[in-house]
Structure formats: structure tokens, C-alpha cells
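Below is one structure, written out as C-alpha cells; comments come after it.
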Amino acid sequence: MGIALTLQEYLDDHHVPYDVMLHKRTHCAFDTARATHVPGERIAKGVVLTREGGFVIAVVPATARVRLDVIERALHCRVDLATEEEISELFPDCDLGAVPPVPEAYPVDAFVDESFDTQPDIYLEGGDHRSLVHMSGEAFRSIMQDVRRARIAA
């Protein structure tokens, strides 16, 4: 499949420099880190959550879990993991479990973990389980500049 068209168009339209690393098929971001020898704290994974009135993506390192309590306090409502059907509807050009954590490309509310503020390079799912998008930390922080930052990784 390769990088999702929606993600590719967003990155190209916003002149974000990136490259794509192909790897053997993996089932989760943690396995992708191992397969590609990329430190897990540099791989941004998107976890899709439901909230009152819609959805929110939590962007955390591949080695972390999402602190739902922090997001609930910030939003003043309960959040839960989205269902596979909901994720498929929100990200129609992506494989299940390979959600690109770029909320501006797929207009959805988001939180990003503060740990990405100091990473020199960031890698993220490209929309399938074989493509890893690489960009500088500066480029990642630029496309995430309007996304709320918090300590949401556990």
C-alpha cells in the first residue's frame, strides 16, 4: 500500500521534508521500532480515542501507553479507545493500526506527548504496516504547533 495519500498530500502541500523507510510488516509501533532499529521514543504512534462529541488522537512514543486520565481532565469528559469500525471511518486510506499521528491531515482533535519536544528525529506510521515516515524533530514540531501538549505517555 505505501504511505497514505491523505498524509502524503498534507506533507507535500505544507512543504514538510520527509523520507519513507520501508520495513517488514509489523503489527504495532513497538514491533516497528525493533524491526527498523529506531529508538521507540522517536516513533510517534497515534491512539484514536472517542470523546463526547467526537474523537481525539493521542500521540505518544511507541514505547508508551496513553494516560487517559490526563486527557479526560483536560477535556472535562470521559475518553475511551475507538472501535475498529470508527478508526476505519476516520482513516479510510489507512490500514487498521497504522494511523498516521498527524491530526491536521485528518481533521481531528489531538494531544501530543511533551517528550517529542526534544527529539532530533521523529518517525511515524505512514498508513500501512510497512512504511515509516521520517522527518526532523523540527519539522514534526512545526506540523504539531497547534496541537495541545501534555504529559500523556505512561
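The chains in the C-alpha cells are called A, B, ... from first to last as shown; in each chain the residues are counted from 1, and the ligands are counted from 1 in the order shown.
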Give me the residues within 8 Å of A:Arg42 as a ChimeraX atom specification, counting only C-alpha atoms and dropping any in the same chain fewer than 6 places off.
-> /A:61-62,116,119,121-123
With all heavy atoms retained, export the selected residues as a compact mmCIF listing (two decimals), in the first residue's frame.
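Final output, saved to out-v2.txt:
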```
# COMPACT_ATOMS: atom_id res chain seq x y z
N PRO A 61 4.96 8.09 22.31
CA PRO A 61 6.03 7.22 21.79
C PRO A 61 5.58 5.77 21.70
O PRO A 61 4.71 5.32 22.46
CB PRO A 61 7.14 7.37 22.84
CG PRO A 61 6.87 8.67 23.52
CD PRO A 61 5.37 8.80 23.53
N ALA A 62 6.20 5.03 20.79
CA ALA A 62 5.87 3.61 20.58
C ALA A 62 6.05 2.79 21.85
O ALA A 62 5.39 1.78 22.03
CB ALA A 62 6.74 3.04 19.47
N PHE A 116 8.25 14.53 22.78
CA PHE A 116 8.69 14.77 21.40
C PHE A 116 9.32 16.15 21.22
O PHE A 116 9.92 16.43 20.19
CB PHE A 116 7.52 14.60 20.42
CG PHE A 116 7.03 13.19 20.32
CD1 PHE A 116 5.77 12.85 20.76
CD2 PHE A 116 7.84 12.19 19.82
CE1 PHE A 116 5.32 11.55 20.68
CE2 PHE A 116 7.41 10.88 19.74
CZ PHE A 116 6.14 10.56 20.18
N GLN A 119 13.18 15.56 20.78
CA GLN A 119 13.73 14.53 19.90
C GLN A 119 14.29 15.16 18.62
O GLN A 119 13.63 16.00 18.00
CB GLN A 119 12.65 13.50 19.54
CG GLN A 119 12.19 12.66 20.70
CD GLN A 119 13.30 11.79 21.27
OE1 GLN A 119 14.30 11.50 20.62
NE2 GLN A 119 13.12 11.38 22.51
N ASP A 121 14.89 13.60 15.73
CA ASP A 121 14.22 13.00 14.58
C ASP A 121 12.96 12.29 15.07
O ASP A 121 12.95 11.75 16.18
CB ASP A 121 15.10 11.94 13.90
CG ASP A 121 16.32 12.57 13.25
OD1 ASP A 121 16.15 13.18 12.19
OD2 ASP A 121 17.42 12.43 13.81
N ILE A 122 11.94 12.29 14.23
CA ILE A 122 10.68 11.62 14.56
C ILE A 122 10.31 10.70 13.40
O ILE A 122 10.48 11.05 12.23
CB ILE A 122 9.54 12.63 14.81
CG1 ILE A 122 9.90 13.63 15.90
CG2 ILE A 122 8.22 11.91 15.11
CD1 ILE A 122 10.01 13.07 17.29
N TYR A 123 9.77 9.55 13.74
CA TYR A 123 9.29 8.58 12.77
C TYR A 123 7.82 8.33 13.09
O TYR A 123 7.43 8.34 14.25
CB TYR A 123 10.06 7.26 12.89
CG TYR A 123 11.54 7.41 12.62
CD1 TYR A 123 12.40 7.91 13.59
CD2 TYR A 123 12.07 7.04 11.39
CE1 TYR A 123 13.76 8.04 13.34
CE2 TYR A 123 13.42 7.17 11.13
CZ TYR A 123 14.26 7.67 12.11
OH TYR A 123 15.60 7.82 11.85
```
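Using only C-alpha atoms, the contacts of stretch 79-96 of chain A at a cut-off of 7 Å, with sequence neighbours closer than 3 positions omitted, comprise Ala4, Val48, Leu49, Thr50, Arg51, Leu68, Glu72, Val99, Gly127 and Asp128 of chain A.
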Given only C-alpha atoms as the counted atoms, nearest of A:Ala154, A:Val59, A:Ala98, A:Met144 to A:Gly2 |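 With only C-alpha atoms as the atom set, the closest residue is A:Ala98.
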Find the residues of stretch 74-111 of chain A that sit at most 12 Å from stretch 150-153 of chain A; for each, write down the nearest two atoms and how far apart they are in Å, to one decimal. Count only C-alpha atoms. Sort by chain, then by number going up, and give it as CSV.
```
residue,atom,partner,partner_atom,distance
A:Ala74,CA,A:Ala150,CA,9.2
A:Ala110,CA,A:Ala150,CA,10.6
A:Phe111,CA,A:Ala150,CA,6.9
```
Using only C-alpha atoms, which residues sit within 6 Å of stretch 14-20 of chain A once same-chain residues fewer than 3 positions away are excluded, as a VMD selection string?
-> chain A and resid 11 132 to 135
I need the chosen residues saved as an mmCIF file, in the first residue's frame, with C-alpha atoms.
```
data_model
loop_
_atom_site.group_PDB
_atom_site.id
_atom_site.type_symbol
_atom_site.label_atom_id
_atom_site.label_comp_id
_atom_site.auth_asym_id
_atom_site.auth_seq_id
_atom_site.Cartn_x
_atom_site.Cartn_y
_atom_site.Cartn_z
ATOM 1 C CA LEU A 11 3.056 16.760 3.947
ATOM 2 C CA LEU A 132 7.698 4.518 8.359
ATOM 3 C CA VAL A 133 7.784 8.252 7.643
ATOM 4 C CA HIS A 134 10.913 10.018 8.917
ATOM 5 C CA MET A 135 11.249 13.754 9.456
#
```
Using DSSP on the backbone, list every residue of stretch 36-152 of chain A that comes out as helix (DSSP H, G or I), and give them as JSON, numbers by chain.
-> {"A": [36, 40, 41, 42, 68, 69, 70, 71, 72, 73, 74, 75, 84, 85, 86, 87, 88, 89, 90, 114, 115, 116, 117, 118, 137, 138, 139, 140, 141, 142, 143]}
Backbone-only DSSP, strand (DSSP E or B) members of chain A, as a ChimeraX atom specification = /A:19-22,43-51,54-61,66,79-81,109-113,121-125,131-136,148-150,153
Quick one, how far is atom CA of A:Pro100 from atom CA of A:Glu125?
->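 Computing the Euclidean distance for atom CA of A:Pro100 and atom CA of A:Glu125 yields 5.1 Å.
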